[in-house]
file input.pdb (PDB, C-alpha atoms and all ligand atoms)
ATOM      1  CA  MET A   1     -51.435 -21.829   1.771
ATOM      2  CA  GLU A   2     -49.908 -19.974   4.745
ATOM      3  CA  ASP A   3     -51.421 -16.678   3.595
ATOM      4  CA  ALA A   4     -54.984 -18.007   3.298
ATOM      5  CA  ILE A   5     -57.753 -16.059   4.987
ATOM      6  CA  ILE A   6     -60.872 -18.061   5.781
ATOM      7  CA  LEU A   7     -64.367 -16.607   6.166
ATOM      8  CA  LYS A   8     -67.353 -18.694   7.296
ATOM      9  CA  TYR A   9     -71.059 -17.869   7.120
ATOM     10  CA  GLY A  10     -74.117 -19.723   8.352
ATOM     11  CA  ILE A  11     -76.953 -19.281   5.834
ATOM     12  CA  SER A  12     -80.403 -19.158   7.391
ATOM     13  CA  PRO A  13     -83.296 -20.477   5.304
ATOM     14  CA  ASP A  14     -85.964 -18.477   7.131
ATOM     15  CA  ASP A  15     -85.677 -15.001   5.747
ATOM     16  CA  PHE A  16     -85.479 -14.410   1.993
ATOM     17  CA  THR A  17     -85.044 -10.673   2.505
ATOM     18  CA  ARG A  18     -81.718 -11.339   4.271
ATOM     19  CA  ALA A  19     -80.391 -13.733   1.620
ATOM     20  CA  GLY A  20     -77.264 -12.192   0.152
ATOM     21  CA  GLU A  21     -75.884 -10.717   3.379
ATOM     22  CA  ALA A  22     -72.932 -13.137   3.331
ATOM     23  CA  SER A  23     -72.074 -12.257  -0.285
ATOM     24  CA  SER A  24     -72.375  -8.586   0.563
ATOM     25  CA  ASP A  25     -69.939  -9.004   3.470
ATOM     26  CA  VAL A  26     -67.432 -10.925   1.336
ATOM     27  CA  LYS A  27     -67.655  -8.260  -1.330
ATOM     28  CA  SER A  28     -66.818  -5.427   1.048
ATOM     29  CA  LYS A  29     -63.984  -7.410   2.693
ATOM     30  CA  LEU A  30     -62.385  -8.218  -0.690
ATOM     31  CA  LYS A  31     -62.683  -4.584  -1.714
ATOM     32  CA  GLN A  32     -60.944  -3.515   1.517
ATOM     33  CA  MET A  33     -58.152  -6.021   0.835
ATOM     34  CA  GLY A  34     -57.531  -4.343  -2.498
ATOM     35  CA  VAL A  35     -58.625  -7.254  -4.721
ATOM     36  CA  SER A  36     -59.293  -6.036  -8.291
ATOM     37  CA  PRO A  37     -62.851  -4.747  -8.892
ATOM     38  CA  GLU A  38     -63.248  -7.258 -11.732
ATOM     39  CA  ALA A  39     -62.458 -10.254  -9.471
ATOM     40  CA  VAL A  40     -64.539  -8.837  -6.616
ATOM     41  CA  ARG A  41     -67.553  -8.570  -8.896
ATOM     42  CA  LYS A  42     -67.158 -12.132 -10.219
ATOM     43  CA  VAL A  43     -66.960 -13.523  -6.678
ATOM     44  CA  ALA A  44     -69.895 -11.395  -5.519
ATOM     45  CA  ILE A  45     -72.215 -12.431  -8.367
ATOM     46  CA  ALA A  46     -71.364 -16.146  -8.246
ATOM     47  CA  MET A  47     -71.621 -16.347  -4.469
ATOM     48  CA  TYR A  48     -74.851 -14.340  -4.377
ATOM     49  CA  GLU A  49     -76.564 -16.672  -6.873
ATOM     50  CA  GLY A  50     -75.331 -19.663  -4.864
ATOM     51  CA  GLU A  51     -76.456 -18.131  -1.577
ATOM     52  CA  ILE A  52     -79.924 -17.423  -3.006
ATOM     53  CA  ASN A  53     -80.128 -21.052  -4.207
ATOM     54  CA  MET A  54     -79.269 -22.315  -0.716
ATOM     55  CA  VAL A  55     -82.217 -20.315   0.624
ATOM     56  CA  ILE A  56     -84.816 -21.027  -2.073
ATOM     57  CA  HIS A  57     -83.948 -24.620  -3.032
ATOM     58  CA  ALA A  58     -82.312 -26.009   0.123
ATOM     59  CA  LYS A  59     -82.763 -25.272   3.816
ATOM     60  CA  GLY A  60     -79.767 -23.004   4.234
ATOM     61  CA  GLY A  61     -76.300 -24.285   5.058
ATOM     62  CA  GLU A  62     -72.776 -22.995   5.344
ATOM     63  CA  ILE A  63     -70.502 -20.989   3.079
ATOM     64  CA  THR A  64     -66.716 -21.028   3.441
ATOM     65  CA  VAL A  65     -64.602 -18.544   1.500
ATOM     66  CA  GLN A  66     -60.860 -19.056   1.268
ATOM     67  CA  ILE A  67     -58.770 -16.130   0.073
ATOM     68  CA  THR A  68     -55.244 -16.967  -1.039
ATOM     69  CA  PRO A  69     -52.756 -14.762  -2.899
ATOM     70  CA  ASP A  70     -53.684 -16.258  -6.277
ATOM     71  CA  ARG A  71     -57.297 -17.426  -5.966
ATOM     72  CA  ILE A  72     -60.581 -17.199  -4.098
ATOM     73  CA  ILE A  73     -62.308 -20.476  -3.337
ATOM     74  CA  MET A  74     -65.989 -20.516  -2.354
ATOM     75  CA  GLU A  75     -67.562 -23.641  -0.897
ATOM     76  CA  LEU A  76     -71.349 -23.616  -0.508
ATOM     77  CA  ALA A  77     -72.615 -26.616   1.430
ATOM     78  CA  ASP A  78     -76.271 -27.355   2.136
ATOM     79  CA  VAL A  79     -78.233 -30.277   3.502
ATOM     80  CA  GLY A  80     -81.098 -29.729   1.080
ATOM     81  CA  PRO A  81     -82.847 -32.098  -1.338
ATOM     82  CA  GLY A  82     -79.884 -32.476  -3.717
ATOM     83  CA  ILE A  83     -80.002 -32.078  -7.503
ATOM     84  CA  PRO A  84     -81.262 -35.188  -9.352
ATOM     85  CA  ASP A  85     -79.983 -34.171 -12.811
ATOM     86  CA  VAL A  86     -77.069 -31.733 -12.699
ATOM     87  CA  GLU A  87     -76.753 -31.431 -16.478
ATOM     88  CA  LEU A  88     -80.408 -30.388 -16.727
ATOM     89  CA  ALA A  89     -80.108 -27.993 -13.762
ATOM     90  CA  MET A  90     -77.153 -26.281 -15.491
ATOM     91  CA  LYS A  91     -79.259 -25.480 -18.589
ATOM     92  CA  ALA A  92     -80.111 -21.781 -18.960
ATOM     93  CA  GLY A  93     -83.782 -21.287 -18.145
ATOM     94  CA  TYR A  94     -84.290 -24.551 -16.251
ATOM     95  CA  SER A  95     -85.891 -23.946 -12.873
ATOM     96  CA  THR A  96     -88.032 -25.803 -10.368
ATOM     97  CA  ALA A  97     -88.701 -22.625  -8.362
ATOM     98  CA  PRO A  98     -92.376 -21.973  -7.496
ATOM     99  CA  ASP A  99     -94.212 -18.874  -8.810
ATOM    100  CA  GLU A 100     -93.941 -17.289  -5.386
ATOM    101  CA  ILE A 101     -90.130 -17.183  -5.804
ATOM    102  CA  ARG A 102     -90.463 -15.844  -9.345
ATOM    103  CA  SER A 103     -92.564 -12.970  -8.057
ATOM    104  CA  LEU A 104     -89.596 -12.126  -5.789
ATOM    105  CA  GLY A 105     -87.300 -11.783  -8.818
ATOM    106  CA  PHE A 106     -85.600 -15.190  -8.784
ATOM    107  CA  GLY A 107     -86.332 -18.534 -10.428
ATOM    108  CA  ALA A 108     -85.404 -17.569 -14.012
ATOM    109  CA  GLY A 109     -83.140 -20.617 -14.198
ATOM    110  CA  MET A 110     -80.047 -18.472 -14.748
ATOM    111  CA  GLY A 111     -78.362 -18.932 -11.367
ATOM    112  CA  LEU A 112     -76.175 -21.984 -12.029
ATOM    113  CA  PRO A 113     -75.279 -20.756 -15.566
ATOM    114  CA  ASN A 114     -74.299 -17.381 -14.068
ATOM    115  CA  MET A 115     -72.161 -19.101 -11.415
ATOM    116  CA  LYS A 116     -70.365 -21.032 -14.154
ATOM    117  CA  LYS A 117     -69.978 -17.917 -16.316
ATOM    118  CA  TYR A 118     -68.345 -15.783 -13.630
ATOM    119  CA  THR A 119     -65.955 -18.377 -12.157
ATOM    120  CA  ASP A 120     -62.843 -20.116 -13.472
ATOM    121  CA  GLU A 121     -63.741 -23.495 -11.963
ATOM    122  CA  MET A 122     -66.999 -24.899 -10.648
ATOM    123  CA  LYS A 123     -67.737 -28.327  -9.217
ATOM    124  CA  ILE A 124     -71.099 -29.660  -8.011
ATOM    125  CA  ASP A 125     -71.177 -32.559  -5.549
ATOM    126  CA  THR A 126     -74.743 -33.571  -4.890
ATOM    127  CA  THR A 127     -76.670 -36.526  -3.519
ATOM    128  CA  VAL A 128     -80.456 -36.650  -3.633
ATOM    129  CA  GLY A 129     -81.866 -36.575  -0.114
ATOM    130  CA  VAL A 130     -78.497 -35.667   1.407
ATOM    131  CA  GLY A 131     -77.429 -32.282   0.075
ATOM    132  CA  THR A 132     -75.322 -30.273  -2.318
ATOM    133  CA  THR A 133     -71.847 -28.801  -2.102
ATOM    134  CA  ILE A 134     -70.779 -26.382  -4.812
ATOM    135  CA  THR A 135     -67.143 -25.333  -5.021
ATOM    136  CA  MET A 136     -66.205 -22.337  -7.165
ATOM    137  CA  VAL A 137     -62.820 -20.784  -7.865
ATOM    138  CA  VAL A 138     -62.031 -17.289  -9.114
ATOM    139  CA  LYS A 139     -58.380 -16.825 -10.059
ATOM    140  CA  LEU A 140     -56.718 -13.551  -9.151
TER     141      LEU A 140
ATOM    142  CA  MET B   1     -70.653  11.258 -25.574
ATOM    143  CA  ALA B   2     -70.837  10.310 -21.912
ATOM    144  CA  MET B   3     -74.153  10.478 -20.078
ATOM    145  CA  THR B   4     -74.694  11.150 -16.397
ATOM    146  CA  VAL B   5     -77.341   9.996 -13.937
ATOM    147  CA  GLU B   6     -78.830  13.497 -14.250
ATOM    148  CA  ASP B   7     -79.215  13.023 -18.046
ATOM    149  CA  VAL B   8     -81.027   9.736 -17.354
ATOM    150  CA  ARG B   9     -83.223  11.393 -14.752
ATOM    151  CA  ALA B  10     -84.106  14.242 -17.118
ATOM    152  CA  ALA B  11     -84.934  11.898 -20.032
ATOM    153  CA  LEU B  12     -87.464  10.095 -17.825
ATOM    154  CA  GLY B  13     -88.687  13.107 -15.867
ATOM    155  CA  ALA B  14     -87.886  10.900 -12.860
ATOM    156  CA  ARG B  15     -87.912  11.814  -9.178
ATOM    157  CA  VAL B  16     -84.791  11.316  -7.048
ATOM    158  CA  LEU B  17     -85.487   9.192  -3.954
ATOM    159  CA  VAL B  18     -81.880   8.590  -2.856
ATOM    160  CA  GLY B  19     -78.453   9.881  -3.861
ATOM    161  CA  ARG B  20     -79.117  13.454  -4.975
ATOM    162  CA  GLU B  21     -75.399  14.095  -4.392
ATOM    163  CA  HIS B  22     -74.363  11.499  -6.988
ATOM    164  CA  LEU B  23     -76.281  12.772 -10.041
ATOM    165  CA  ASP B  24     -73.054  13.674 -11.841
ATOM    166  CA  ARG B  25     -71.950  10.031 -12.007
ATOM    167  CA  GLU B  26     -71.231   8.584 -15.401
ATOM    168  CA  VAL B  27     -73.678   6.130 -17.020
ATOM    169  CA  ARG B  28     -72.605   3.914 -19.943
ATOM    170  CA  SER B  29     -75.273   1.223 -20.269
ATOM    171  CA  ALA B  30     -78.661   0.100 -19.052
ATOM    172  CA  CYS B  31     -80.488  -3.099 -18.268
ATOM    173  CA  GLY B  32     -84.228  -3.549 -17.687
ATOM    174  CA  SER B  33     -85.785  -6.613 -16.036
ATOM    175  CA  ASP B  34     -87.912  -7.850 -13.141
ATOM    176  CA  MET B  35     -85.856 -11.064 -12.925
ATOM    177  CA  MET B  36     -82.702 -10.500 -10.910
ATOM    178  CA  SER B  37     -80.777 -13.425 -12.448
ATOM    179  CA  ASP B  38     -81.258 -11.841 -15.877
ATOM    180  CA  VAL B  39     -79.746  -8.697 -14.447
ATOM    181  CA  LEU B  40     -76.899 -10.652 -12.819
ATOM    182  CA  ALA B  41     -76.067 -12.194 -16.207
ATOM    183  CA  PHE B  42     -75.394  -8.648 -17.373
ATOM    184  CA  SER B  43     -72.238  -7.151 -15.942
ATOM    185  CA  LYS B  44     -71.152  -3.851 -17.410
ATOM    186  CA  ASP B  45     -69.452  -0.914 -15.768
ATOM    187  CA  HIS B  46     -71.453   2.219 -14.969
ATOM    188  CA  SER B  47     -74.895   0.700 -15.575
ATOM    189  CA  VAL B  48     -78.384   1.704 -14.564
ATOM    190  CA  LEU B  49     -81.045  -0.868 -13.711
ATOM    191  CA  LEU B  50     -84.703  -0.364 -14.619
ATOM    192  CA  THR B  51     -87.085  -2.635 -12.745
ATOM    193  CA  GLY B  52     -90.665  -3.057 -11.598
ATOM    194  CA  LEU B  53     -89.580  -5.346  -8.773
ATOM    195  CA  VAL B  54     -89.432  -3.693  -5.360
ATOM    196  CA  ASN B  55     -87.690  -5.735  -2.674
ATOM    197  CA  PRO B  56     -84.328  -5.779  -0.855
ATOM    198  CA  GLN B  57     -82.878  -8.212  -3.410
ATOM    199  CA  VAL B  58     -82.999  -5.454  -6.050
ATOM    200  CA  VAL B  59     -80.603  -3.403  -3.916
ATOM    201  CA  ARG B  60     -78.384  -6.462  -3.302
ATOM    202  CA  THR B  61     -78.304  -7.241  -7.030
ATOM    203  CA  ALA B  62     -77.310  -3.645  -7.769
ATOM    204  CA  GLU B  63     -74.637  -3.882  -5.089
ATOM    205  CA  MET B  64     -73.099  -7.089  -6.511
ATOM    206  CA  LEU B  65     -72.928  -5.554 -10.004
ATOM    207  CA  ASP B  66     -71.657  -2.104  -8.916
ATOM    208  CA  ILE B  67     -74.717  -0.575 -10.563
ATOM    209  CA  VAL B  68     -74.813   3.232 -10.277
ATOM    210  CA  CYS B  69     -78.530   3.835 -10.262
ATOM    211  CA  ILE B  70     -81.777   1.898  -9.738
ATOM    212  CA  ILE B  71     -84.878   3.173 -11.526
ATOM    213  CA  PHE B  72     -88.265   1.977 -10.272
ATOM    214  CA  ILE B  73     -90.757   2.092 -13.123
ATOM    215  CA  ARG B  74     -94.504   2.746 -13.370
ATOM    216  CA  GLY B  75     -94.762   4.337  -9.956
ATOM    217  CA  LYS B  76     -93.615   1.302  -7.916
ATOM    218  CA  LYS B  77     -93.218   2.484  -4.340
ATOM    219  CA  ALA B  78     -90.045   1.631  -2.476
ATOM    220  CA  ASP B  79     -90.362   1.583   1.323
ATOM    221  CA  GLU B  80     -88.032   3.414   3.706
ATOM    222  CA  LYS B  81     -86.127   0.228   4.613
ATOM    223  CA  LEU B  82     -85.198  -0.371   0.985
ATOM    224  CA  LEU B  83     -84.192   3.260   0.512
ATOM    225  CA  GLU B  84     -82.022   3.052   3.640
ATOM    226  CA  MET B  85     -80.253  -0.016   2.209
ATOM    227  CA  ALA B  86     -79.621   1.907  -1.010
ATOM    228  CA  ARG B  87     -78.279   4.906   0.940
ATOM    229  CA  GLU B  88     -75.852   2.667   2.859
ATOM    230  CA  ARG B  89     -74.535   1.397  -0.479
ATOM    231  CA  ASP B  90     -74.157   4.853  -2.019
ATOM    232  CA  LEU B  91     -76.645   4.117  -4.802
ATOM    233  CA  VAL B  92     -78.909   6.537  -6.616
ATOM    234  CA  VAL B  93     -82.602   5.550  -6.658
ATOM    235  CA  LEU B  94     -85.031   7.148  -9.120
ATOM    236  CA  GLU B  95     -88.776   6.726  -9.561
ATOM    237  CA  THR B  96     -90.635   7.245 -12.832
ATOM    238  CA  GLY B  97     -94.285   6.939 -13.774
ATOM    239  CA  HIS B  98     -93.402   5.470 -17.173
ATOM    240  CA  ARG B  99     -93.864   1.767 -17.851
ATOM    241  CA  MET B 100     -90.893  -0.433 -18.715
ATOM    242  CA  PHE B 101     -91.265  -0.217 -22.505
ATOM    243  CA  THR B 102     -91.567   3.552 -22.550
ATOM    244  CA  ALA B 103     -88.815   4.125 -19.979
ATOM    245  CA  CYS B 104     -86.375   1.943 -21.948
ATOM    246  CA  GLY B 105     -87.415   3.632 -25.203
ATOM    247  CA  LEU B 106     -86.812   7.103 -23.790
ATOM    248  CA  LEU B 107     -83.344   6.144 -22.553
ATOM    249  CA  TYR B 108     -82.472   4.484 -25.866
ATOM    250  CA  GLN B 109     -83.560   7.637 -27.654
ATOM    251  CA  ALA B 110     -81.397   9.669 -25.298
ATOM    252  CA  GLY B 111     -78.397   7.648 -26.488
ATOM    253  CA  LEU B 112     -78.105   4.886 -23.887
ATOM    254  CA  ARG B 113     -77.461   1.305 -25.074
ATOM    255  CA  GLY B 114     -77.633  -2.176 -23.536
ATOM    256  CA  GLY B 115     -74.163  -3.238 -24.558
ATOM    257  CA  ALA B 116     -73.399  -6.738 -25.814
ATOM    258  CA  VAL B 117     -73.737  -9.429 -23.146
TER     259      VAL B 117
HETATM  260  N1  LIG A 201     -78.550 -25.883  -3.661
HETATM  261  C1  LIG A 201     -79.480 -26.511  -4.382
HETATM  262  N2  LIG A 201     -80.176 -27.553  -3.857
HETATM  263  C2  LIG A 201     -81.118 -28.200  -4.565
HETATM  264  N3  LIG A 201     -81.449 -27.884  -5.838
HETATM  265  C3  LIG A 201     -80.805 -26.866  -6.426
HETATM  266  C4  LIG A 201     -79.790 -26.112  -5.736
HETATM  267  N4  LIG A 201     -79.308 -25.181  -6.581
HETATM  268  C5  LIG A 201     -79.986 -25.309  -7.729
HETATM  269  N5  LIG A 201     -80.882 -26.332  -7.651
HETATM  270  C6  LIG A 201     -81.778 -26.818  -8.728
HETATM  271  O1  LIG A 201     -81.280 -26.393  -9.985
HETATM  272  C7  LIG A 201     -82.271 -25.571 -10.646
HETATM  273  C8  LIG A 201     -81.588 -24.474 -11.441
HETATM  274  O2  LIG A 201     -80.917 -23.564 -10.564
HETATM  275  P1  LIG A 201     -80.651 -22.068 -11.042
HETATM  276  O3  LIG A 201     -79.927 -22.130 -12.342
HETATM  277  O4  LIG A 201     -79.993 -21.320  -9.935
HETATM  278  O5  LIG A 201     -82.083 -21.504 -11.334
HETATM  279  P2  LIG A 201     -83.243 -20.996 -10.334
HETATM  280  O6  LIG A 201     -82.621 -20.811  -8.972
HETATM  281  O7  LIG A 201     -83.672 -19.716 -10.946
HETATM  282  O8  LIG A 201     -84.302 -22.041 -10.333
HETATM  283  C9  LIG A 201     -83.162 -25.066  -9.535
HETATM  284  O9  LIG A 201     -84.435 -24.693 -10.001
HETATM  285  C10 LIG A 201     -83.192 -26.279  -8.615
HETATM  286  O10 LIG A 201     -84.082 -27.257  -9.105
HETATM  287 MG    MG A 202     -80.886 -19.784  -8.652
END

call {"tool": "encode", "arguments": {"input": "input.pdb", "output": "structure tokens", "more": "lines below"}}
Ligand SMILES: Nc1ncnc2c1ncn2[C@@H]1O[C@H](COP(=O)(O)OP(=O)(O)O)[C@@H](O)[C@H]1O
Ligand SMILES: [Mg+2]
result
Amino acid sequence: MEDAIILKYGISPDDFTRAGEASSDVKSKLKQMGVSPEAVRKVAIAMYEGEINMVIHAKGGEITVQITPDRIIMELADVGPGIPDVELAMKAGYSTAPDEIRSLGFGAGMGLPNMKKYTDEMKIDTTVGVGTTITMVVKL
Amino acid sequence: MAMTVEDVRAALGARVLVGREHLDREVRSACGSDMMSDVLAFSKDHSVLLTGLVNPQVVRTAEMLDIVCIIFIRGKKADEKLLEMARERDLVVLETGHRMFTACGLLYQAGLRGGAV
């Protein structure tokens, strides 16, 4: 782990138009480091969906990205409402997002399935009323 | 037969809003949707995105997917802030008066495909 680089981002819940700035920053840093375009894209998509979820479903939180020589680990932690039924939430098309979010282009219920699709490992720790922490790994 | 952004532009009779200098870029597939997660489920190299949604998240979605060109359909007006974001990311942005169905049909006819997901 001596070669790990750690990036931390505070995710603000107030401004939907800025959601995705952290993912954008991670993407450009990984590109600069010479990580393969394929891996960069997987990380970018998975983290972006997770970041959007932290803004629309929770009240923001913190994202930590760990870059090691053989994997990238993303930890997205929020203190939002939690997910009562994770299995249901993982189903393609399932969404509790209001119409207002759908008119902004999100809330199709594809976020969690996309995060699973683009990562090698994904773990959801969630407690209703306490918050959700999602850990995702992309192998290099 | 490889297509370029210029071929796409010509097929739609579209106007270039950003990225006039990148019209020779290669295009291999296309995706049309107003729901960004549907677009994010689709990850192909050298793609164009057709959408009727106009907000900064369209540019971010294109950025995450390395999309070459965003096409705003049926005369949707992008504001200067959005266009500036696209410029910073080296994207091409086109605007067409066609609706989604017609725009997709014209590109399909011109030889562009969606590609298997
Ligand atoms: N961080 C989170 N906190 C609370 N609930 C969440 C969170 N992420 C996802 N969810 C729940 O899981 C559902 C499915 O999420 P997702 O697949 O991303 O679809 P969408 O965001 O389009 O609704 C959401 O509608 C929401 O109910
Ligand atoms: Mg989502």

call {"tool": "interface_residues", "arguments": {"input": "input.pdb", "of": "chain A", "to": "chain B", "cutoff": "9 Å", "atoms": "only C-alpha atoms", "output": "PyMOL selection string"}}
result
chain A and resi 16-21+23-24+27+40-45+48-49+102-111+113-114+117-118

call {"tool": "resolve_selection", "arguments": {"input": "input.pdb", "expression": "the PyMOL selection byres (((not hetatm)) within 8 of (chain A and resi 201))", "output": "NGL selection string"}}
result
(:A and (49-50 or 52-58 or 77-78 or 80-83 or 86 or 88-97 or 102 or 106-114 or 131-134)) or (:B and (37))

call {"tool": "closest_residue", "arguments": {"input": "input.pdb", "among": "B:Asp24, B:Leu94, B:Cys31, B:Thr102", "to": "Asp7 of chain B", "atoms": "all atoms listed in the file"}}
result
B:Asp24

call {"tool": "resolve_selection", "arguments": {"input": "input.pdb", "expression": "the PyMOL selection byres (((chain B and resi 82-89) around 8) and not hetatm)", "output": "number ranges by chain"}}
result
B: 17-19, 55-56, 59, 63, 78-81, 90-93

call {"tool": "residues_near_point", "arguments": {"input": "input.pdb", "point": "(-77.8, 4.6, -28.5)", "cutoff": "12 Å", "atoms": "all atoms listed in the file", "output": "NGL selection string"}}
result
:B and (1-3 or 28-30 or 104-115)

call {"tool": "write_last_selection", "arguments": {"input": "input.pdb", "atoms": "C-alpha atoms", "output": "JSON list (two decimals), in the coordinates of the input"}}
result
[["chain", "number", "residue", "atom", "x", "y", "z"],
["B", 1, "MET", "CA", -70.65, 11.26, -25.57],
["B", 2, "ALA", "CA", -70.84, 10.31, -21.91],
["B", 3, "MET", "CA", -74.15, 10.48, -20.08],
["B", 28, "ARG", "CA", -72.60, 3.91, -19.94],
["B", 29, "SER", "CA", -75.27, 1.22, -20.27],
["B", 30, "ALA", "CA", -78.66, 0.10, -19.05],
["B", 104, "CYS", "CA", -86.38, 1.94, -21.95],
["B", 105, "GLY", "CA", -87.42, 3.63, -25.20],
["B", 106, "LEU", "CA", -86.81, 7.10, -23.79],
["B", 107, "LEU", "CA", -83.34, 6.14, -22.55],
["B", 108, "TYR", "CA", -82.47, 4.48, -25.87],
["B", 109, "GLN", "CA", -83.56, 7.64, -27.65],
["B", 110, "ALA", "CA", -81.40, 9.67, -25.30],
["B", 111, "GLY", "CA", -78.40, 7.65, -26.49],
["B", 112, "LEU", "CA", -78.10, 4.89, -23.89],
["B", 113, "ARG", "CA", -77.46, 1.30, -25.07],
["B", 114, "GLY", "CA", -77.63, -2.18, -23.54],
["B", 115, "GLY", "CA", -74.16, -3.24, -24.56]]

call {"tool": "atom_distance", "arguments": {"input": "input.pdb", "atom1": "atom CA of Met122 of chain A", "atom2": "atom CA of His46 of chain B"}}
result
27.8 Å

call {"tool": "atom_distance", "arguments": {"input": "input.pdb", "atom1": "atom CA of Lys116 of chain A", "atom2": "atom CA of Glu38 of chain A"}}
result
15.7 Å

call {"tool": "atom_distance", "arguments": {"input": "input.pdb", "atom1": "atom CA of Asp70 of chain A", "atom2": "atom CA of Asp125 of chain A"}}
result
23.9 Å

call {"tool": "closest_residue", "arguments": {"input": "input.pdb", "among": "A:Thr119, A:Thr126, A:Pro98, A:Val137", "to": "Gln66 of chain A", "atoms": "all atoms listed in the file"}}
result
A:Val137

call {"tool": "closest_residue", "arguments": {"input": "input.pdb", "among": "B:Lys44, B:Val27, B:Phe101, B:Ala62", "to": "Val8 of chain B", "atoms": "only C-alpha atoms"}}
result
B:Val27

call {"tool": "closest_residue", "arguments": {"input": "input.pdb", "among": "A:Asp120, A:Glu51, A:Asp3, A:Glu62", "to": "ligand MG 202 (chain A)", "atoms": "all atoms listed in the file"}}
result
A:Glu51

call {"tool": "closest_residue", "arguments": {"input": "input.pdb", "among": "A:Lys29, A:Ile101, A:Lys139, A:Thr127", "to": "ligand MG 202 (chain A)", "atoms": "all atoms listed in the file"}}
result
A:Ile101

call {"tool": "resolve_selection", "arguments": {"input": "input.pdb", "expression": "the PyMOL selection byres (((chain B and resi 48) around 6) and not hetatm)", "output": "ChimeraX atom specification"}}
result
/B:30,47,49,67-70

call {"tool": "closest_residue", "arguments": {"input": "input.pdb", "among": "B:Ala103, B:Leu50, B:Val5, B:Ile73", "to": "Arg25 of chain B", "atoms": "all atoms listed in the file"}}
result
B:Val5

call {"tool": "axis_aligned_box", "arguments": {"input": "input.pdb", "around": "segment 68-82 of chain B", "padding_each_side": "8 Å", "output": "JSON"}}
result
{"center_x": -84.8, "center_y": 2.0, "center_z": -4.4, "size_x": 35.9, "size_y": 20.7, "size_z": 34.0}

call {"tool": "decode", "arguments": {"input": "input.pdb", "residues": "segment 109-121 of chain A", "atoms": "N, CA and C atoms", "output": "CSV table (one decimal), in the first residue's frame"}}
result
chain,number,residue,atom,x,y,z
A,109,GLY,N,-33.4,5.0,-12.7
A,109,GLY,CA,-33.2,3.8,-12.0
A,109,GLY,C,-32.1,2.9,-12.6
A,110,MET,N,-31.2,3.5,-13.2
A,110,MET,CA,-30.1,2.8,-13.9
A,110,MET,C,-28.7,3.0,-13.2
A,111,GLY,N,-28.7,3.9,-12.2
A,111,GLY,CA,-27.5,4.3,-11.5
A,111,GLY,C,-26.7,3.2,-10.8
A,112,LEU,N,-27.4,2.5,-9.9
A,112,LEU,CA,-26.8,1.4,-9.1
A,112,LEU,C,-26.4,0.3,-10.1
A,113,PRO,N,-27.3,-0.1,-11.0
A,113,PRO,CA,-26.9,-1.2,-12.0
A,113,PRO,C,-25.7,-0.8,-12.8
A,114,ASN,N,-25.6,0.5,-13.2
A,114,ASN,CA,-24.4,1.0,-14.0
A,114,ASN,C,-23.2,0.9,-13.1
A,115,MET,N,-23.3,1.3,-11.8
A,115,MET,CA,-22.1,1.2,-10.9
A,115,MET,C,-21.6,-0.2,-10.8
A,116,LYS,N,-22.6,-1.2,-10.7
A,116,LYS,CA,-22.2,-2.6,-10.6
A,116,LYS,C,-21.6,-3.0,-11.9
A,117,LYS,N,-22.2,-2.6,-13.1
A,117,LYS,CA,-21.7,-3.1,-14.4
A,117,LYS,C,-20.2,-2.6,-14.7
A,118,TYR,N,-19.9,-1.4,-14.2
A,118,TYR,CA,-18.6,-0.9,-14.6
A,118,TYR,C,-17.5,-1.1,-13.6
A,119,THR,N,-17.8,-1.8,-12.5
A,119,THR,CA,-16.8,-2.0,-11.5
A,119,THR,C,-16.6,-3.5,-11.3
A,120,ASP,N,-15.4,-3.9,-10.7
A,120,ASP,CA,-15.1,-5.3,-10.5
A,120,ASP,C,-15.7,-5.8,-9.1
A,121,GLU,N,-15.8,-4.9,-8.2
A,121,GLU,CA,-16.4,-5.2,-6.9
A,121,GLU,C,-17.2,-4.0,-6.4
